[in-house]
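Student: Structure file my_file_17.cif, mmCIF, C-alpha atoms, is pasted below:
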```cif
data_coords
#
loop_
_atom_site.group_PDB
_atom_site.id
_atom_site.type_symbol
_atom_site.label_atom_id
_atom_site.label_comp_id
_atom_site.auth_asym_id
_atom_site.auth_seq_id
_atom_site.Cartn_x
_atom_site.Cartn_y
_atom_site.Cartn_z
ATOM 1 C CA MET A 1 -64.918 -115.744 -112.009
ATOM 2 C CA LYS A 2 -65.240 -112.973 -114.620
ATOM 3 C CA LEU A 3 -68.980 -112.465 -115.046
ATOM 4 C CA GLY A 4 -70.423 -110.378 -117.869
ATOM 5 C CA ILE A 5 -73.764 -108.667 -117.255
ATOM 6 C CA PHE A 6 -75.864 -108.069 -120.381
ATOM 7 C CA GLY A 7 -79.159 -106.342 -119.652
ATOM 8 C CA GLY A 8 -81.868 -105.196 -122.000
ATOM 9 C CA THR A 9 -85.475 -105.458 -123.006
ATOM 10 C CA PHE A 10 -84.837 -108.465 -125.302
ATOM 11 C CA ASP A 11 -88.288 -108.138 -126.895
ATOM 12 C CA PRO A 12 -87.495 -110.589 -128.426
ATOM 13 C CA VAL A 13 -83.938 -111.815 -128.025
ATOM 14 C CA HIS A 14 -82.375 -112.322 -131.452
ATOM 15 C CA HIS A 15 -79.189 -113.590 -133.080
ATOM 16 C CA GLY A 16 -77.605 -110.128 -132.928
ATOM 17 C CA HIS A 17 -77.743 -110.183 -129.105
ATOM 18 C CA LEU A 18 -76.248 -113.663 -128.975
ATOM 19 C CA ILE A 19 -73.481 -112.977 -131.489
ATOM 20 C CA VAL A 20 -72.218 -109.815 -129.774
ATOM 21 C CA ALA A 21 -72.383 -111.454 -126.335
ATOM 22 C CA GLU A 22 -70.290 -114.401 -127.516
ATOM 23 C CA TYR A 23 -67.853 -112.077 -129.269
ATOM 24 C CA VAL A 24 -67.374 -109.978 -126.101
ATOM 25 C CA ARG A 25 -67.109 -113.088 -123.933
ATOM 26 C CA GLU A 26 -64.218 -114.388 -126.022
ATOM 27 C CA ARG A 27 -62.473 -111.023 -126.474
ATOM 28 C CA ALA A 28 -62.721 -110.016 -122.792
ATOM 29 C CA GLY A 29 -61.997 -113.504 -121.434
ATOM 30 C CA LEU A 30 -65.284 -113.709 -119.535
ATOM 31 C CA ASP A 31 -66.138 -116.986 -117.850
ATOM 32 C CA ARG A 32 -69.890 -116.453 -118.202
ATOM 33 C CA VAL A 33 -72.384 -113.948 -119.582
ATOM 34 C CA LEU A 34 -75.528 -113.333 -117.571
ATOM 35 C CA PHE A 35 -78.479 -112.048 -119.626
ATOM 36 C CA ILE A 36 -80.919 -110.001 -117.547
ATOM 37 C CA PRO A 37 -84.244 -108.948 -119.075
ATOM 38 C CA THR A 38 -85.501 -105.634 -117.696
ATOM 39 C CA MET A 39 -88.732 -105.527 -115.779
ATOM 40 C CA ILE A 40 -89.444 -101.905 -116.734
ATOM 41 C CA SER A 41 -86.748 -100.003 -118.597
ATOM 42 C CA PRO A 42 -86.251 -96.462 -117.243
ATOM 43 C CA HIS A 43 -85.934 -95.360 -120.880
ATOM 44 C CA LYS A 44 -89.164 -97.090 -121.961
ATOM 45 C CA VAL A 45 -91.523 -96.473 -119.034
ATOM 46 C CA ASP A 46 -94.429 -95.506 -121.312
ATOM 47 C CA VAL A 47 -93.632 -97.988 -124.084
ATOM 48 C CA PRO A 48 -95.668 -101.216 -124.184
ATOM 49 C CA VAL A 49 -93.388 -104.204 -123.679
ATOM 50 C CA THR A 50 -94.095 -107.932 -123.714
ATOM 51 C CA PRO A 51 -94.480 -109.285 -120.152
ATOM 52 C CA ALA A 52 -91.116 -110.081 -118.559
ATOM 53 C CA ILE A 53 -92.051 -113.732 -117.999
ATOM 54 C CA HIS A 54 -92.184 -114.274 -121.786
ATOM 55 C CA ARG A 55 -88.972 -112.343 -122.469
ATOM 56 C CA PHE A 56 -87.236 -114.364 -119.728
ATOM 57 C CA ALA A 57 -88.521 -117.659 -121.175
ATOM 58 C CA MET A 58 -87.383 -116.725 -124.703
ATOM 59 C CA LEU A 59 -83.910 -115.874 -123.372
ATOM 60 C CA ARG A 60 -83.707 -119.246 -121.617
ATOM 61 C CA GLU A 61 -84.624 -120.969 -124.871
ATOM 62 C CA ALA A 62 -82.064 -118.926 -126.799
ATOM 63 C CA VAL A 63 -79.083 -119.574 -124.515
ATOM 64 C CA LYS A 64 -79.700 -123.150 -123.369
ATOM 65 C CA SER A 65 -77.166 -124.656 -125.781
ATOM 66 C CA ASN A 66 -74.341 -122.310 -124.760
ATOM 67 C CA PRO A 67 -72.636 -123.409 -121.525
ATOM 68 C CA PHE A 68 -71.165 -119.914 -121.063
ATOM 69 C CA PHE A 69 -74.544 -118.139 -121.113
ATOM 70 C CA GLU A 70 -77.246 -118.020 -118.470
ATOM 71 C CA VAL A 71 -80.330 -115.935 -117.724
ATOM 72 C CA SER A 72 -81.133 -114.148 -114.459
ATOM 73 C CA ASP A 73 -84.534 -113.180 -113.096
ATOM 74 C CA ALA A 74 -82.976 -110.521 -110.826
ATOM 75 C CA GLU A 75 -84.948 -107.597 -112.249
ATOM 76 C CA MET A 76 -88.183 -109.588 -112.397
ATOM 77 C CA GLU A 77 -87.723 -110.596 -108.775
ATOM 78 C CA ARG A 78 -87.055 -107.019 -107.677
ATOM 79 C CA GLY A 79 -89.917 -105.599 -109.766
ATOM 80 C CA GLY A 80 -90.507 -101.962 -110.684
ATOM 81 C CA VAL A 81 -88.212 -99.842 -112.822
ATOM 82 C CA SER A 82 -84.954 -101.621 -113.635
ATOM 83 C CA TYR A 83 -81.973 -99.459 -112.717
ATOM 84 C CA THR A 84 -78.542 -100.873 -113.560
ATOM 85 C CA VAL A 85 -77.029 -99.871 -110.225
ATOM 86 C CA ASP A 86 -79.720 -101.800 -108.299
ATOM 87 C CA THR A 87 -79.188 -104.843 -110.502
ATOM 88 C CA LEU A 88 -75.417 -104.728 -109.937
ATOM 89 C CA ARG A 89 -75.964 -104.587 -106.170
ATOM 90 C CA MET A 90 -78.212 -107.642 -106.359
ATOM 91 C CA ILE A 91 -75.895 -109.589 -108.679
ATOM 92 C CA GLY A 92 -72.924 -108.628 -106.494
ATOM 93 C CA GLU A 93 -74.669 -110.233 -103.505
ATOM 94 C CA ARG A 94 -75.662 -113.353 -105.460
ATOM 95 C CA HIS A 95 -72.196 -113.737 -106.993
ATOM 96 C CA ALA A 96 -69.994 -112.537 -104.155
ATOM 97 C CA GLY A 97 -66.333 -112.742 -105.098
ATOM 98 C CA ASP A 98 -66.958 -112.610 -108.860
ATOM 99 C CA GLU A 99 -65.533 -109.772 -110.923
ATOM 100 C CA LEU A 100 -68.413 -108.029 -112.716
ATOM 101 C CA PHE A 101 -68.285 -106.595 -116.241
ATOM 102 C CA LEU A 102 -71.196 -104.577 -117.611
ATOM 103 C CA LEU A 103 -71.764 -104.860 -121.377
ATOM 104 C CA ILE A 104 -73.214 -101.698 -122.901
ATOM 105 C CA GLY A 105 -73.546 -100.440 -126.451
ATOM 106 C CA ALA A 106 -71.522 -97.411 -127.494
ATOM 107 C CA ASP A 107 -74.823 -95.665 -128.232
ATOM 108 C CA ASN A 108 -75.720 -95.912 -124.520
ATOM 109 C CA LEU A 109 -72.405 -94.401 -123.493
ATOM 110 C CA ARG A 110 -73.468 -90.855 -124.443
ATOM 111 C CA ASP A 111 -76.220 -90.890 -121.823
ATOM 112 C CA PHE A 112 -74.290 -92.790 -119.168
ATOM 113 C CA ARG A 113 -73.855 -89.763 -116.879
ATOM 114 C CA SER A 114 -77.663 -89.422 -116.713
ATOM 115 C CA TRP A 115 -78.091 -92.987 -115.398
ATOM 116 C CA LYS A 116 -78.927 -93.535 -111.744
ATOM 117 C CA ASP A 117 -75.670 -93.480 -109.683
ATOM 118 C CA PRO A 118 -73.151 -93.849 -112.540
ATOM 119 C CA GLY A 119 -70.284 -93.486 -110.075
ATOM 120 C CA GLU A 120 -71.430 -96.534 -108.134
ATOM 121 C CA ILE A 121 -71.953 -98.482 -111.356
ATOM 122 C CA VAL A 122 -68.299 -98.075 -112.361
ATOM 123 C CA LYS A 123 -67.196 -99.040 -108.830
ATOM 124 C CA ARG A 124 -69.205 -102.251 -108.964
ATOM 125 C CA ALA A 125 -68.411 -103.309 -112.545
ATOM 126 C CA THR A 126 -65.919 -102.700 -115.310
ATOM 127 C CA LEU A 127 -67.698 -101.277 -118.347
ATOM 128 C CA ILE A 128 -67.250 -103.105 -121.630
ATOM 129 C CA VAL A 129 -68.366 -100.749 -124.377
ATOM 130 C CA MET A 130 -69.458 -102.555 -127.523
ATOM 131 C CA ASN A 131 -68.512 -100.455 -130.539
ATOM 132 C CA ARG A 132 -69.639 -100.934 -134.098
ATOM 133 C CA PRO A 133 -67.071 -101.175 -136.911
ATOM 134 C CA GLY A 134 -66.023 -97.691 -137.936
ATOM 135 C CA PHE A 135 -67.397 -96.148 -134.746
ATOM 136 C CA SER A 136 -65.402 -95.725 -131.560
ATOM 137 C CA ALA A 137 -66.634 -94.338 -128.280
ATOM 138 C CA VAL A 138 -64.291 -92.023 -126.441
ATOM 139 C CA PRO A 139 -64.524 -93.011 -122.759
ATOM 140 C CA GLY A 140 -62.778 -89.881 -121.486
ATOM 141 C CA GLY A 141 -65.346 -87.719 -123.227
ATOM 142 C CA ALA A 142 -68.139 -89.382 -121.285
ATOM 143 C CA GLY A 143 -66.529 -88.792 -117.881
ATOM 144 C CA LEU A 144 -65.756 -92.472 -117.424
ATOM 145 C CA PRO A 145 -62.774 -94.098 -115.728
ATOM 146 C CA ALA A 146 -59.718 -94.949 -117.775
ATOM 147 C CA ASP A 147 -60.183 -98.714 -117.382
ATOM 148 C CA VAL A 148 -63.307 -98.875 -119.550
ATOM 149 C CA MET A 149 -62.811 -101.708 -122.034
ATOM 150 C CA GLU A 150 -63.738 -101.125 -125.659
ATOM 151 C CA CYS A 151 -64.684 -104.108 -127.779
ATOM 152 C CA THR A 152 -65.486 -103.729 -131.453
ATOM 153 C CA VAL A 153 -68.244 -106.185 -132.290
ATOM 154 C CA PRO A 154 -69.637 -107.225 -135.667
ATOM 155 C CA SER A 155 -72.380 -104.986 -137.001
ATOM 156 C CA ILE A 156 -75.458 -107.220 -136.911
ATOM 157 C CA ASP A 157 -78.380 -105.349 -138.430
ATOM 158 C CA ILE A 158 -81.212 -107.212 -136.714
ATOM 159 C CA SER A 159 -83.903 -105.216 -134.956
ATOM 160 C CA ALA A 160 -86.378 -106.493 -132.372
ATOM 161 C CA THR A 161 -88.813 -103.884 -133.709
ATOM 162 C CA GLU A 162 -88.508 -105.355 -137.198
ATOM 163 C CA ILE A 163 -88.970 -108.893 -135.849
ATOM 164 C CA ARG A 164 -92.183 -107.855 -134.097
ATOM 165 C CA ARG A 165 -93.381 -106.122 -137.286
ATOM 166 C CA ARG A 166 -92.693 -109.242 -139.347
ATOM 167 C CA VAL A 167 -94.607 -111.466 -136.912
ATOM 168 C CA ARG A 168 -97.537 -109.042 -136.955
ATOM 169 C CA LYS A 169 -97.600 -109.188 -140.772
ATOM 170 C CA GLY A 170 -97.292 -112.982 -140.838
ATOM 171 C CA LEU A 171 -93.776 -112.929 -142.353
ATOM 172 C CA SER A 172 -90.948 -115.320 -141.558
ATOM 173 C CA ILE A 173 -88.500 -114.594 -138.741
ATOM 174 C CA SER A 174 -86.285 -117.552 -139.647
ATOM 175 C CA TYR A 175 -82.580 -116.752 -139.256
ATOM 176 C CA LEU A 176 -83.364 -113.649 -137.172
ATOM 177 C CA VAL A 177 -84.053 -115.532 -133.937
ATOM 178 C CA PRO A 178 -83.120 -119.032 -132.784
ATOM 179 C CA PRO A 179 -85.671 -121.666 -133.895
ATOM 180 C CA SER A 180 -86.701 -122.304 -130.269
ATOM 181 C CA VAL A 181 -87.523 -118.597 -129.848
ATOM 182 C CA SER A 182 -89.540 -118.599 -133.089
ATOM 183 C CA ARG A 183 -91.504 -121.608 -131.833
ATOM 184 C CA TYR A 184 -92.096 -119.907 -128.464
ATOM 185 C CA ILE A 185 -93.395 -116.762 -130.196
ATOM 186 C CA GLY A 186 -95.772 -118.878 -132.293
ATOM 187 C CA ARG A 187 -96.926 -121.056 -129.418
ATOM 188 C CA HIS A 188 -97.752 -118.035 -127.219
ATOM 189 C CA ARG A 189 -99.038 -115.915 -130.118
ATOM 190 C CA LEU A 190 -96.742 -113.021 -129.216
ATOM 191 C CA TYR A 191 -96.519 -109.827 -131.271
ATOM 192 C CA ARG A 192 -99.727 -110.540 -133.196
ATOM 193 C CA GLY A 193 -101.766 -107.520 -132.121
ATOM 194 C CA GLU A 194 -99.222 -104.697 -131.901
ATOM 195 C CA GLU A 195 -100.062 -101.269 -133.302
#
```
What does this structure look like when you write it as structure tokens?
Tutor:
Amino acid sequence: MKLGIFGGTFDPVHHGHLIVAEYVRERAGLDRVLFIPTMISPHKVDVPVTPAIHRFAMLREAVKSNPFFEVSDAEMERGGVSYTVDTLRMIGERHAGDELFLLIGADNLRDFRSWKDPGEIVKRATLIVMNRPGFSAVPGGAGLPADVMECTVPSIDISATEIRRRVRKGLSISYLVPPSVSRYIGRHRLYRGEE
């Protein structure tokens, strides 16, 4: 099976995440896409983030109608700072025999060499770099292997930061997140007291 790995903070998951994941799944011929919410992002160690249990639950709500999407608690189970290489090791054990593909944004590609064990990452998974229209990453320039896949995805200008701001101000988030995620946010009173 060709398994796509899509990690992130997802605070909250929104339609932009879902649209690009479906687009990549179709373009790359992936059998499934596994969404993995970070426990603690190494790039956001000092940034307040909604507890992982809520972000995981919102992801489950968001993907439940898509038979090609699922959510993993791998990083929650492991705890601590979420390093991609550790997650790939864990997913590789859980999905032995599957071919792994790591979905990353072109903006993350510039810093890829600073990630923990980038060499092992590219041995464990094929990178699928999601480019925006009019912007193309140059894999060779980032010291990456030649088999990096580039996939131009639609430019969806939805921001989790903006969604949180709108909730805090009492504004609608309709059409930015799936209705089930909006209901979850309301039910659990998330994002009400941020800065």
Student: Report, in Å with one decimal, the straight-line distance from CA of Asp46 in chain A to CA of Glu77 in chain A.
Tutor: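 Between CA of Asp46 in chain A and CA of Glu77 in chain A the gap is 20.7 Å.
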Student: Determine, counting only C-alpha atoms, every residue of protein, DNA or RNA that lies within 6 Å of (-71.2, -103.9, -120.3) in the file coordinates, then give the result as a list of chain:residue names.
Tutor: A:Phe101, A:Leu102, A:Leu103, A:Ile104, A:Leu127, A:Ile128, A:Val129
Student: Considering only C-alpha atoms, can you say which of A:Thr126, A:Asp147, A:Val167, A:Val181 comes closest to Phe56 in chain A?
Tutor: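 Closest residue, counting only C-alpha atoms: A:Val181.
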Student: Selected by the PyMOL selection byres ((chain A and resi 59) around 8) in the shown coordinates: which residues, as a list in words?
Tutor: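 Those residues are Phe10, Val13, Phe35, Arg55, Phe56, Ala57, Met58, Arg60, Glu61, Ala62, Val63, Val71 and Val181 of chain A.
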Student: How would the residues just picked look written out with C-alpha atoms as a PDB file, keeping the file's coordinate frame?
Tutor:
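Output below, filename out_19.pdb:
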```pdb
ATOM      1  CA  PHE A  10     -84.837-108.465-125.302  1.00  0.00           C
ATOM      2  CA  VAL A  13     -83.938-111.815-128.025  1.00  0.00           C
ATOM      3  CA  PHE A  35     -78.479-112.048-119.626  1.00  0.00           C
ATOM      4  CA  ARG A  55     -88.972-112.343-122.469  1.00  0.00           C
ATOM      5  CA  PHE A  56     -87.236-114.364-119.728  1.00  0.00           C
ATOM      6  CA  ALA A  57     -88.521-117.659-121.175  1.00  0.00           C
ATOM      7  CA  MET A  58     -87.383-116.725-124.703  1.00  0.00           C
ATOM      8  CA  ARG A  60     -83.707-119.246-121.617  1.00  0.00           C
ATOM      9  CA  GLU A  61     -84.624-120.969-124.871  1.00  0.00           C
ATOM     10  CA  ALA A  62     -82.064-118.926-126.799  1.00  0.00           C
ATOM     11  CA  VAL A  63     -79.083-119.574-124.515  1.00  0.00           C
ATOM     12  CA  VAL A  71     -80.330-115.935-117.724  1.00  0.00           C
ATOM     13  CA  VAL A 181     -87.523-118.597-129.848  1.00  0.00           C
TER      14      VAL A 181
END
```
Student: Report, in Å with one decimal, the straight-line distance from CA of Pro51 in chain A to CA of Gly16 in chain A.
Tutor: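 Computed distance, CA of Pro51 in chain A to CA of Gly16 in chain A, equals 21.2 Å.
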Student: Could you list, as a ChimeraX atom specification, every residue within 12 Å of Glu22 in chain A, counting only C-alpha atoms and ignoring same-chain residues fewer than 6 positions away?
Tutor: /A:4,6,15-16,28-35,63,66-70,103,130,151,153-154
Student: With all atoms listed in the file as the atoms that count, which of A:Lys64, A:Arg110, A:Lys116, A:Arg124 lies nearest to Arg89 in chain A?
Tutor: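 Looking at the shortest contact to Arg89 in chain A, the residue is A:Arg124.
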Student: What's around range 188-191 of chain A at 8 Å? Count all atoms listed in the file, leave out sequence neighbours fewer than 6 positions away in its own chain, and write the answer as a list in words.
Tutor: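 Skipping anything fewer than 6 positions along the chain leaves Thr50, Arg164, Arg165, Val167 and Arg168 of chain A.
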Student: Write a file of the just-selected residues containing C-alpha atoms, as a short mmCIF file (atom, residue, chain, number, x, y, z; two decimals), in the coordinates of the input.
Tutor:
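The file below, selection_0.cif, is the result:
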```cif
data_model
loop_
_atom_site.label_atom_id
_atom_site.label_comp_id
_atom_site.auth_asym_id
_atom_site.auth_seq_id
_atom_site.Cartn_x
_atom_site.Cartn_y
_atom_site.Cartn_z
CA THR A 50 -94.10 -107.93 -123.71
CA ARG A 164 -92.18 -107.86 -134.10
CA ARG A 165 -93.38 -106.12 -137.29
CA VAL A 167 -94.61 -111.47 -136.91
CA ARG A 168 -97.54 -109.04 -136.96
#
```
Student: From the options A:Arg94, A:Lys2, A:His14, A:Arg113, which residue's atoms come nearest to Ser182 in chain A, counting all atoms listed in the file?
Tutor: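 Ranked by minimum distance to Ser182 in chain A, first place goes to A:His14.
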